[in-house]
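Dropping final.txt in here (compact mmCIF, C-alpha atoms and all ligand atoms):
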# COMPACT_ATOMS: atom_id res chain seq x y z
CA MET A 1 82.69 236.45 203.66
CA GLY A 2 84.54 233.50 205.12
CA HIS A 3 84.81 234.88 208.66
CA ILE A 4 82.09 232.60 210.04
CA LYS A 5 82.90 228.95 210.58
CA GLY A 6 79.30 227.92 211.25
CA LEU A 7 77.14 227.25 214.28
CA LYS A 8 78.44 225.35 217.25
CA CYS A 9 76.71 223.72 220.22
CA ARG A 10 77.66 225.47 223.44
CA GLU A 11 77.43 222.19 225.33
CA CYS A 12 78.86 219.37 223.20
CA GLY A 13 80.71 221.44 220.58
CA ARG A 14 79.06 219.76 217.62
CA GLU A 15 79.20 221.94 214.51
CA TYR A 16 76.37 222.92 212.17
CA PRO A 17 76.13 224.93 208.95
CA VAL A 18 74.73 228.49 208.99
CA GLU A 19 70.96 227.88 208.98
CA PRO A 20 67.93 229.17 210.89
CA ILE A 21 68.38 226.59 213.66
CA TYR A 22 69.08 227.12 217.34
CA VAL A 23 69.31 223.88 219.23
CA CYS A 24 71.68 220.92 219.02
CA GLU A 25 69.97 217.81 217.66
CA PHE A 26 72.11 215.59 219.84
CA CYS A 27 72.27 217.19 223.28
CA PHE A 28 69.63 219.97 222.99
CA GLY A 29 72.27 222.56 223.89
CA PRO A 30 71.94 226.08 222.43
CA LEU A 31 73.80 226.86 219.21
CA GLU A 32 76.17 229.80 218.91
CA VAL A 33 77.93 231.43 215.95
CA ALA A 34 81.58 230.36 215.63
CA TYR A 35 84.05 232.71 213.94
CA ASP A 36 87.45 232.31 212.38
CA TYR A 37 89.27 234.80 214.61
CA LYS A 38 92.62 234.19 212.95
CA SER A 39 91.37 235.42 209.61
CA ILE A 40 89.36 238.25 211.23
CA SER A 41 92.45 239.52 213.08
CA LYS A 42 94.15 240.01 209.72
CA THR A 43 91.36 242.18 208.29
CA ILE A 44 90.27 244.31 211.26
CA ASN A 45 92.09 247.01 213.23
CA ARG A 46 91.40 250.14 215.27
CA LYS A 47 92.12 252.60 212.43
CA LYS A 48 89.82 250.83 210.02
CA ILE A 49 86.97 250.77 212.52
CA GLU A 50 87.45 254.42 213.49
CA LYS A 51 87.03 255.55 209.87
CA ARG A 52 83.65 253.86 209.49
CA GLU A 53 80.18 255.30 209.90
CA GLN A 54 79.00 255.67 213.46
CA ASN A 55 76.49 252.85 213.59
CA LEU A 56 76.48 249.33 214.99
CA TRP A 57 77.90 247.88 211.78
CA ARG A 58 81.34 249.40 212.52
CA TYR A 59 82.32 245.98 213.81
CA ARG A 60 80.80 244.00 210.96
CA GLU A 61 83.63 241.45 210.72
CA LEU A 62 82.54 240.21 214.14
CA LEU A 63 78.85 239.99 213.21
CA PRO A 64 77.22 236.97 211.57
CA ILE A 65 76.05 238.30 208.21
CA ASP A 66 77.33 237.36 204.75
CA GLY A 67 76.35 240.33 202.61
CA ASP A 68 75.79 244.01 203.31
CA PRO A 69 73.87 245.25 206.38
CA GLN A 70 70.21 245.88 205.55
CA VAL A 71 68.74 247.03 208.85
CA GLY A 72 70.10 249.26 211.62
CA LEU A 73 72.07 251.73 209.55
CA ASN A 74 70.90 254.45 211.95
CA SER A 75 71.29 252.40 215.11
CA GLY A 76 74.13 252.08 217.57
CA TYR A 77 77.25 254.03 218.44
CA THR A 78 75.26 255.51 221.31
CA PRO A 79 76.95 257.96 223.69
CA LEU A 80 79.24 256.87 226.50
CA VAL A 81 78.55 259.63 228.99
CA LYS A 82 81.12 260.46 231.67
CA ALA A 83 78.80 260.78 234.65
CA ASP A 84 80.74 262.95 237.09
CA LYS A 85 77.80 264.24 239.08
CA LEU A 86 76.39 260.79 239.56
CA ALA A 87 79.86 259.45 240.39
CA LYS A 88 80.10 261.98 243.18
CA VAL A 89 76.74 260.94 244.65
CA LEU A 90 77.74 257.27 244.51
CA GLY A 91 81.25 257.94 245.79
CA VAL A 92 83.27 256.48 242.91
CA ASP A 93 86.12 258.01 240.92
CA GLU A 94 85.16 257.25 237.34
CA LEU A 95 81.70 256.33 236.15
CA TYR A 96 80.28 256.10 232.64
CA ILE A 97 76.75 255.60 231.37
CA LYS A 98 76.46 253.63 228.15
CA ASP A 99 73.36 255.48 227.03
CA ASP A 100 71.15 253.26 224.88
CA THR A 101 68.13 255.44 225.69
CA VAL A 102 68.94 257.48 222.58
CA VAL A 103 70.00 257.12 218.92
CA HIS A 104 68.19 253.81 218.31
CA PRO A 105 64.94 254.31 216.32
CA THR A 106 62.89 252.53 219.00
CA LEU A 107 64.90 253.91 221.91
CA SER A 108 66.24 250.70 223.43
CA PHE A 109 69.20 248.40 222.90
CA LYS A 110 66.88 245.87 221.24
CA ASP A 111 67.46 247.64 217.91
CA ARG A 112 70.98 246.15 218.06
CA VAL A 113 69.83 242.55 218.14
CA VAL A 114 66.94 243.14 215.77
CA SER A 115 69.22 244.75 213.16
CA ILE A 116 71.31 241.59 212.95
CA ALA A 117 68.28 239.27 213.11
CA LEU A 118 66.36 241.00 210.32
CA THR A 119 69.41 241.29 208.07
CA LYS A 120 69.96 237.57 208.60
CA ALA A 121 66.25 236.81 208.01
CA LYS A 122 66.58 238.54 204.61
CA GLU A 123 69.66 236.49 203.81
CA PHE A 124 67.74 233.32 204.66
CA GLY A 125 64.86 234.44 202.41
CA PHE A 126 62.09 234.78 205.02
CA ASP A 127 59.12 237.06 204.28
CA THR A 128 57.67 236.98 207.82
CA VAL A 129 59.37 237.82 211.09
CA ALA A 130 58.07 237.16 214.59
CA CYS A 131 59.08 237.43 218.24
CA ALA A 132 58.11 236.72 221.83
CA SER A 133 58.62 239.95 223.70
CA THR A 134 58.65 241.65 227.09
CA GLY A 135 57.96 244.94 225.29
CA ASN A 136 61.02 246.51 223.76
CA LEU A 137 61.55 243.68 221.31
CA ALA A 138 57.93 244.01 220.17
CA HIS A 139 58.50 247.70 219.51
CA SER A 140 61.77 247.08 217.66
CA VAL A 141 60.57 244.20 215.45
CA SER A 142 57.36 246.11 214.67
CA ALA A 143 59.30 249.19 213.55
CA ASN A 144 62.41 247.77 211.90
CA GLY A 145 60.35 244.96 210.35
CA ALA A 146 58.00 247.54 208.78
CA ALA A 147 60.89 249.49 207.28
CA ALA A 148 62.48 246.30 205.96
CA GLY A 149 59.20 245.16 204.36
CA PHE A 150 58.46 242.06 206.46
CA LYS A 151 55.10 240.66 207.54
CA ARG A 152 55.22 240.69 211.34
CA PHE A 153 53.73 238.55 214.13
CA ILE A 154 54.46 240.00 217.53
CA PHE A 155 53.58 238.06 220.70
CA ILE A 156 53.40 239.88 224.05
CA PRO A 157 52.00 239.29 227.53
CA ALA A 158 48.61 241.07 227.59
CA SER A 159 49.65 242.85 230.83
CA LEU A 160 52.34 244.95 229.12
CA GLU A 161 52.55 248.72 229.68
CA ALA A 162 49.95 250.55 227.57
CA SER A 163 52.63 252.84 226.14
CA LYS A 164 54.64 249.89 224.84
CA ILE A 165 51.56 248.34 223.24
CA ILE A 166 50.73 251.58 221.41
CA ALA A 167 54.38 252.03 220.44
CA SER A 168 54.20 248.66 218.66
CA LEU A 169 50.69 249.02 217.19
CA VAL A 170 51.49 252.22 215.35
CA TYR A 171 53.58 250.23 212.85
CA GLU A 172 50.59 247.90 212.23
CA PRO A 173 52.12 244.49 212.87
CA ASN A 174 49.92 241.53 213.82
CA LEU A 175 50.10 242.06 217.57
CA ILE A 176 49.08 239.01 219.58
CA ALA A 177 48.41 239.77 223.26
CA VAL A 178 48.57 236.50 225.21
CA ASP A 179 46.79 235.88 228.52
CA GLY A 180 49.87 234.92 230.49
CA ASN A 181 53.36 236.06 231.43
CA TYR A 182 56.42 236.18 229.17
CA ASP A 183 57.34 232.59 229.90
CA ASP A 184 53.89 231.47 228.74
CA VAL A 185 54.27 233.60 225.61
CA ASN A 186 57.68 232.10 224.92
CA ARG A 187 56.42 228.54 225.33
CA LEU A 188 53.57 229.21 222.89
CA CYS A 189 55.99 230.80 220.42
CA SER A 190 58.21 227.72 220.41
CA GLU A 191 55.18 225.74 219.25
CA VAL A 192 54.26 228.34 216.63
CA ALA A 193 57.87 228.46 215.41
CA ASN A 194 57.84 224.68 214.89
CA LYS A 195 54.73 224.90 212.75
CA TYR A 196 55.21 228.03 210.62
CA ARG A 197 58.21 228.94 208.49
CA TRP A 198 58.77 232.34 210.03
CA ALA A 199 61.92 234.00 211.28
CA PHE A 200 61.32 234.14 215.04
CA VAL A 201 64.09 236.55 215.92
CA ASN A 202 64.60 235.19 219.43
CA ILE A 203 63.85 231.53 218.68
CA ASN A 204 65.12 230.05 215.40
CA ILE A 205 67.17 233.17 214.56
CA ARG A 206 68.43 233.51 218.17
CA PRO A 207 72.07 232.49 217.56
CA PHE A 208 72.42 235.39 215.08
CA TYR A 209 70.11 237.81 216.90
CA ALA A 210 71.99 237.44 220.19
CA GLU A 211 75.28 238.41 218.54
CA GLY A 212 73.90 241.91 217.99
CA SER A 213 74.27 242.56 221.73
CA LYS A 214 78.04 242.39 221.34
CA THR A 215 78.02 245.78 219.63
CA ILE A 216 77.33 247.57 222.93
CA GLY A 217 80.52 246.02 224.31
CA TYR A 218 82.64 246.91 221.27
CA GLU A 219 81.44 250.49 221.51
CA ILE A 220 82.26 250.73 225.23
CA VAL A 221 85.82 249.60 224.56
CA GLU A 222 86.28 251.95 221.60
CA GLN A 223 84.76 254.91 223.47
CA LEU A 224 87.03 254.31 226.48
CA GLY A 225 89.97 254.74 224.10
CA TRP A 226 90.28 251.02 223.28
CA LYS A 227 90.27 249.94 226.91
CA ALA A 228 87.96 247.64 228.79
CA PRO A 229 86.43 248.96 232.03
CA ASP A 230 87.23 247.49 235.45
CA HIS A 231 83.54 246.91 236.12
CA VAL A 232 80.51 246.67 233.87
CA VAL A 233 76.96 246.40 235.22
CA VAL A 234 74.42 244.78 232.90
CA PRO A 235 70.64 244.32 233.33
CA CYS A 236 69.45 240.75 232.83
CA ALA A 237 66.22 239.38 231.40
CA SER A 238 67.20 236.18 229.58
CA GLY A 239 70.84 236.86 230.51
CA SER A 240 71.91 237.02 226.87
CA LEU A 241 73.09 240.65 226.84
CA LEU A 242 75.38 240.02 229.81
CA THR A 243 77.04 237.02 228.18
CA LYS A 244 77.51 238.93 224.94
CA VAL A 245 79.08 241.98 226.57
CA TRP A 246 81.70 239.66 228.00
CA LYS A 247 82.05 237.83 224.67
CA SER A 248 82.64 241.15 222.89
CA PHE A 249 85.52 242.06 225.22
CA LYS A 250 87.09 238.60 224.82
CA GLU A 251 86.80 238.78 221.05
CA LEU A 252 88.51 242.17 220.85
CA LYS A 253 91.36 240.67 222.86
CA GLU A 254 91.40 237.59 220.64
CA VAL A 255 91.74 239.64 217.43
CA GLY A 256 94.44 241.84 218.94
CA ILE A 257 92.48 245.09 219.27
CA LEU A 258 92.33 245.05 223.07
CA LYS A 259 95.62 244.62 224.87
CA GLU A 260 94.49 243.90 228.40
CA LEU A 261 91.30 242.45 229.78
CA ASP A 262 90.50 242.31 233.48
CA THR A 263 86.83 243.27 233.72
CA LYS A 264 84.39 242.16 236.38
CA VAL A 265 80.88 241.63 235.01
CA PHE A 266 77.88 242.30 237.29
CA ALA A 267 74.26 241.19 236.81
CA ALA A 268 71.36 243.50 237.68
CA GLN A 269 67.80 242.32 238.28
CA ALA A 270 64.60 243.39 240.02
CA THR A 271 63.85 241.53 243.26
CA GLY A 272 60.43 240.65 241.82
CA CYS A 273 62.16 238.66 239.07
CA SER A 274 65.69 237.76 240.06
CA PRO A 275 66.42 234.13 239.21
CA ILE A 276 69.92 234.99 237.91
CA ALA A 277 70.94 237.28 240.78
CA ALA A 278 69.56 234.74 243.27
CA ALA A 279 71.64 231.92 241.78
CA ILE A 280 74.77 234.08 241.91
CA LYS A 281 74.14 235.06 245.53
CA GLN A 282 73.56 231.43 246.48
CA GLY A 283 76.75 230.39 244.72
CA THR A 284 74.99 227.98 242.38
CA ASP A 285 74.54 227.90 238.60
CA VAL A 286 71.18 226.17 238.89
CA ILE A 287 68.54 228.69 237.88
CA ARG A 288 65.28 228.37 239.81
CA PRO A 289 62.42 229.73 237.65
CA VAL A 290 60.18 232.34 239.30
CA LYS A 291 56.84 234.03 238.61
CA PRO A 292 57.73 237.67 237.83
CA ASN A 293 56.18 240.47 239.86
CA THR A 294 57.96 243.77 239.22
CA ILE A 295 57.55 247.13 237.52
CA ALA A 296 60.65 246.27 235.45
CA LYS A 297 58.59 244.43 232.85
CA SER A 298 61.26 244.52 230.16
CA LEU A 299 63.38 242.31 232.46
CA ALA A 300 60.54 240.06 233.61
CA ILE A 301 61.67 236.66 232.38
CA GLY A 302 61.10 234.08 235.11
CA ASN A 303 62.86 231.23 233.32
CA PRO A 304 65.87 232.88 231.62
CA ALA A 305 67.27 230.97 228.61
CA ASP A 306 70.84 232.19 229.17
CA GLY A 307 70.68 232.35 232.95
CA PHE A 308 73.15 229.52 233.42
CA TYR A 309 75.69 231.12 231.07
CA ALA A 310 75.23 234.51 232.72
CA THR A 311 76.09 233.07 236.15
CA GLN A 312 79.17 231.44 234.61
CA VAL A 313 80.41 234.78 233.22
CA VAL A 314 79.84 236.52 236.54
CA ARG A 315 81.75 233.80 238.38
CA GLU A 316 84.56 233.62 235.79
CA THR A 317 85.17 237.38 235.93
CA GLY A 318 84.83 237.81 239.70
CA GLY A 319 81.68 239.93 239.43
CA TYR A 320 78.47 239.56 241.39
CA GLY A 321 74.70 239.80 241.06
CA GLU A 322 72.26 241.99 242.96
CA ASP A 323 68.56 242.75 242.95
CA VAL A 324 66.54 245.78 243.96
CA SER A 325 62.95 246.59 244.98
CA ASP A 326 60.46 248.50 242.86
CA GLN A 327 60.91 251.55 245.10
CA GLU A 328 64.69 251.43 244.64
CA ILE A 329 64.13 251.23 240.87
CA ILE A 330 61.96 254.36 240.91
CA ASP A 331 64.42 256.24 243.13
CA ALA A 332 67.27 255.33 240.77
CA ILE A 333 65.36 256.47 237.67
CA LYS A 334 64.90 259.83 239.39
CA LEU A 335 68.52 260.00 240.55
CA LEU A 336 69.81 259.41 237.02
CA ALA A 337 67.46 262.04 235.63
CA LYS A 338 68.37 264.58 238.33
CA THR A 339 72.13 264.13 238.11
CA GLU A 340 72.83 263.41 234.45
CA GLY A 341 69.68 264.48 232.61
CA ILE A 342 69.06 260.97 231.33
CA PHE A 343 65.56 259.48 231.54
CA ALA A 344 65.78 255.71 231.67
CA GLU A 345 63.06 253.10 231.65
CA THR A 346 62.61 250.73 234.59
CA ALA A 347 65.47 248.46 233.41
CA GLY A 348 67.81 251.46 233.72
CA GLY A 349 66.52 252.05 237.22
CA VAL A 350 67.36 248.44 238.04
CA THR A 351 70.91 248.81 236.71
CA LEU A 352 71.67 252.02 238.57
CA ALA A 353 70.07 250.88 241.85
CA VAL A 354 72.05 247.64 241.68
CA THR A 355 75.25 249.58 240.96
CA LYS A 356 74.63 251.72 244.05
CA LYS A 357 74.23 248.58 246.15
CA LEU A 358 77.36 246.98 244.71
CA ILE A 359 79.37 250.10 245.54
CA GLU A 360 77.96 250.28 249.07
CA THR A 361 78.86 246.64 249.69
CA ASN A 362 82.35 247.09 248.17
CA ARG A 363 81.74 244.56 245.39
CA ILE A 364 82.62 247.42 243.04
CA ASN A 365 85.69 249.25 244.23
CA ARG A 366 85.58 253.01 244.24
CA GLU A 367 88.85 253.57 242.37
CA GLY A 368 88.22 251.62 239.18
CA VAL A 369 86.48 252.57 235.92
CA THR A 370 82.82 251.53 236.05
CA VAL A 371 80.44 251.40 233.08
CA ILE A 372 76.72 250.87 233.55
CA CYS A 373 74.51 249.83 230.66
CA ILE A 374 71.34 251.92 230.52
CA THR A 375 69.35 250.01 227.94
CA GLY A 376 66.02 251.76 227.34
CA ASN A 377 64.29 255.16 227.36
CA GLY A 378 62.04 256.33 230.19
CA LEU A 379 59.37 257.66 227.87
CA LYS A 380 58.52 254.01 227.26
CA THR A 381 57.59 253.23 230.89
CA GLN A 382 56.10 256.46 232.21
CA GLU A 383 53.39 254.52 234.07
CA ALA A 384 56.02 253.39 236.54
CA LEU A 385 56.48 256.95 237.77
CA GLN A 386 52.77 257.67 238.15
CA GLY A 387 52.35 259.03 241.68
CA ASN A 388 56.12 259.07 242.21
CA VAL A 389 56.91 262.50 240.80
CA VAL A 390 55.98 265.83 242.37
CA ALA A 391 52.89 267.55 241.00
CA PRO A 392 53.25 270.67 238.85
CA HIS A 393 52.63 274.05 240.49
CA HIS A 394 49.11 274.98 239.42
CA ILE A 395 48.45 278.69 238.91
CA LYS A 396 45.99 281.19 237.40
CA PRO A 397 47.19 282.94 234.21
CA ASN A 398 48.40 286.07 236.01
CA LEU A 399 51.61 287.36 237.60
CA THR A 400 50.20 287.53 241.13
CA SER A 401 49.31 283.86 241.05
CA PHE A 402 52.79 282.98 239.72
CA GLU A 403 54.51 285.07 242.38
CA GLU A 404 52.53 283.42 245.16
CA VAL A 405 53.95 280.13 244.00
CA LEU A 406 57.43 281.56 243.46
CA GLU A 407 57.51 282.73 247.05
CA LYS A 408 56.67 279.23 248.29
CA ILE A 409 59.34 277.68 246.04
CA GLN A 410 62.02 280.08 247.21
CA LYS A 411 61.27 279.58 250.90
C1 LIG B 1 65.62 242.89 226.69
C2 LIG B 1 66.18 243.92 227.58
C3 LIG B 1 67.31 243.69 228.41
C4 LIG B 1 68.01 242.38 228.65
O1 LIG B 1 67.91 241.43 227.73
P1 LIG B 1 68.52 239.95 227.82
O2 LIG B 1 67.34 239.06 227.52
O3 LIG B 1 69.08 239.70 229.18
O4 LIG B 1 69.53 239.91 226.76
C5 LIG B 1 67.81 244.77 229.11
N1 LIG B 1 67.25 245.99 229.05
C6 LIG B 1 66.17 246.24 228.30
C7 LIG B 1 65.61 247.62 228.30
C8 LIG B 1 65.61 245.22 227.52
O5 LIG B 1 64.54 245.50 226.77
Written form, structure tokens:
Amino acid sequence: MGHIKGLKCRECGREYPVEPIYVCEFCFGPLEVAYDYKSISKTINRKKIEKREQNLWRYRELLPIDGDPQVGLNSGYTPLVKADKLAKVLGVDELYIKDDTVVHPTLSFKDRVVSIALTKAKEFGFDTVACASTGNLAHSVSANGAAAGFKRFIFIPASLEASKIIASLVYEPNLIAVDGNYDDVNRLCSEVANKYRWAFVNINIRPFYAEGSKTIGYEIVEQLGWKAPDHVVVPCASGSLLTKVWKSFKELKEVGILKELDTKVFAAQATGCSPIAAAIKQGTDVIRPVKPNTIAKSLAIGNPADGFYATQVVRETGGYGEDVSDQEIIDAIKLLAKTEGIFAETAGGVTLAVTKKLIETNRINREGVTVICITGNGLKTQEALQGNVVAPHHIKPNLTSFEEVLEKIQK
């Protein structure tokens, strides 16, 4: 297609051809896809994008594939919900939910990254795909990999939520439950990836995979009427999504689609696993690895691969990072459900609870346009609400019994 220049080391700038590689041979820096924005700006414009199908491939010139999309044709272009009731509760003028709890086949934003990764894996000629996952990636690679005809090896921490394990198993991948946390799983997978010629979506395919996260940012800008928000709040696990949201805004400016860009980017984490938020609060870009202990398992990466770059984006844009307790996460899940009718998983609870804190501490000003990224569906982490929702009203199958209860409710 000619719009990709190759891979480039984020540290030393050394260039590499487009191959399933992810680390610089010289300085061990991570590789990133480099585009020819000059040529892209000549072929892409708002009108052209608007006419396309409403899926994540609307922005295909800015995605790292050579041929036609093969996965994710029913993913993306999720709703941007104007959340007026929630805005009122939080005391801000204009608030939007980027709602990735719906549309995607596996009900989280991970279908975005996996769509790019699996399309690329096909282009590279792999027959087996694999991943190290905190849950949603396992689900997405299991499902999308099945539909695309790949053999699948899925590595997860054995302590994952039962509902996420079942949600992966139904597609019959080879599910490997590792005695250890995500960081242990990831370390093991690096060794496996060195030995077997598989497409590990978040290891050797990572430079391509990670680019899929940009589509959430493109959609936000398009859905705001080709404007970037004043504030965007992004949940962080490895930190990749946050860096790519910012990259997507910068790219749209670079290719002439976005006229102005003055967005502050905010990082959201759970207190029980907050190495990125902690670094931001301490004013350092040195990430201190932690042992995760939180109900927000999809965000539980103690040693985040893109943590350093995430802190850089937050600093560069004048944003901030915050973290919230498990109880605050649960309360926020319920608040979002009650006000906007959206049921988010624990990561969504983290993002909303952090947003609330950032508003209360005036890090987010009440007049601007704020977008919060709600990245996964609550049906996937129902365990987290066990004992935290009110019990149903239990009655006998007759009117008298119902009316006894009705009287109590109406009191
Ligand atoms: C994976 C994940 C994230 C964040 O991912 P990064 O590793 O920071 O890119 C956010 N929300 C949910 C629901 C996820 O599954």
Step by step, gather every atom of ligand LIG 1 (chain B) that the file lists, find the box along x, y and z that holds them, add 8 Å on each side, and finally give centre and edge lengths in Å to one decimal, as lines of an AutoDock Vina configuration file.
center_x = 67.0
center_y = 243.3
center_z = 227.9
size_x = 21.0
size_y = 24.6
size_z = 18.5
Practice task
Counting all atoms listed in the file, name the residues that have an atom within 8 Å of an atom of ligand LIG 1 (chain B); the answer should be given as a PyMOL selection string.
Solution key: chain A and resi 108-110+134-137+210+213+234-242+298-299+301+304+306+345-348+374-377
Here CA of Gly212 in chain A and CA of Ile116 in chain A stand apart by 5.7 Å
Compile the contact shell of range 150-152 of chain A as a PyMOL selection string: residues with an atom at most 9 Å away, counting all atoms listed in the file, same-chain residues fewer than 5 positions apart removed.
-> chain A and resi 118+126-131+141-142+144-145+172-175
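Nearest residue to Val103 in chain A, choosing from A:Leu385, A:Ala34, A:Leu73, A:Ala391 and counting only C-alpha atoms: A:Leu73.
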TODO: Record the distance separating CA of Val255 in chain A and CA of Asn202 in chain A, expressed in Å with one decimal.
DONE: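 Separating CA of Val255 in chain A from CA of Asn202 in chain A is a distance of 27.6 Å.
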Top pick for closest residue to Ala147 in chain A, considering A:Tyr209, A:Gly72, A:Tyr77, A:Asn194 and counting only C-alpha atoms |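 Selected residue with least distance to Ala147 in chain A: A:Gly72.
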### Query
Can you tell me how far CA of Ala332 in chain A sits from CA of Val389 in chain A, in Å to one decimal?
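CA of Val389 in chain A lies at a distance of 12.6 Å from CA of Ala332 in chain A.
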Determine, counting all atoms listed in the file, which protein, DNA and RNA residues have an atom within 8 Å of an atom of range 258-275 of chain A; residues of the same chain fewer than 3 positions away are not included. Present the result as a count of residues only.
-> 56
Residues of range 72-139 of chain A within 9 Å of range 6-24 of chain A: nearest atom pair and distance (Å, one decimal) for each, counting all atoms listed in the file, sorted by chain and number, as CSV?
residue,atom,partner,partner_atom,distance
A:Lys120,CA,A:Pro20,CA,8.9
A:Ala121,CA,A:Pro20,CA,8.3
A:Phe124,CA,A:Pro20,CA,7.5
#### Entry: Best match for closeness to Asn45 in chain A among A:Ile257, A:Ala143, A:Ile330, A:Ala384, counting all atoms listed in the file
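Of A:Ile257, A:Ala143, A:Ile330, A:Ala384, the one nearest Asn45 in chain A, counting all atoms listed in the file, is A:Ile257.
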**OP:** Point out the residue among A:Ala87, A:Val390, A:Ala158, A:Ile40 with the least atom-to-atom distance to Val185 in chain A, counting all atoms listed in the file.
**Re:**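 Closest residue, counting all atoms listed in the file: A:Ala158.
If only C-alpha atoms are the atoms counted, then among A:Lys357, A:His139, A:Lys297, A:His104 the closest residue to Glu328 in chain A is A:Lys357.
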| task | May I have the residues within 9 Å of Asp93 in chain A as a ChimeraX atom specification, using all atoms listed in the file and disregarding those fewer than 4 positions away in the same chain? | result | /A:84,87-88,366-370
Could the residues in this selection be saved with C-alpha atoms as a JSON list (two decimals), in the frame of the given file?
[["chain", "number", "residue", "atom", "x", "y", "z"],
["A", 84, "ASP", "CA", 80.74, 262.95, 237.09],
["A", 87, "ALA", "CA", 79.86, 259.45, 240.39],
["A", 88, "LYS", "CA", 80.10, 261.98, 243.18],
["A", 366, "ARG", "CA", 85.58, 253.01, 244.24],
["A", 367, "GLU", "CA", 88.85, 253.57, 242.37],
["A", 368, "GLY", "CA", 88.22, 251.62, 239.18],
["A", 369, "VAL", "CA", 86.48, 252.57, 235.92],
["A", 370, "THR", "CA", 82.82, 251.53, 236.05]]
Selected residue of minimal separation from Thr119 in chain A among A:Gly217, A:Gly378, A:Gly225, A:Gly149, counting all atoms listed in the file:
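Answer, going by the shortest atom-to-atom distance: A:Gly149.
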Within 7 Å of range 79-82 of chain A using only C-alpha atoms, minus same-chain residues under 6 positions, as number ranges by chain
A: 95-99, 220, 223
With C-alpha atoms retained, export the selected residues as a compact mmCIF listing (two decimals), keeping the file's coordinate frame.
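Output contents, as saved in result_2.txt:
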# COMPACT_ATOMS: atom_id res chain seq x y z
CA LEU A 95 81.70 256.33 236.15
CA TYR A 96 80.28 256.10 232.64
CA ILE A 97 76.75 255.60 231.37
CA LYS A 98 76.46 253.63 228.15
CA ASP A 99 73.36 255.48 227.03
CA ILE A 220 82.26 250.73 225.23
CA GLN A 223 84.76 254.91 223.47
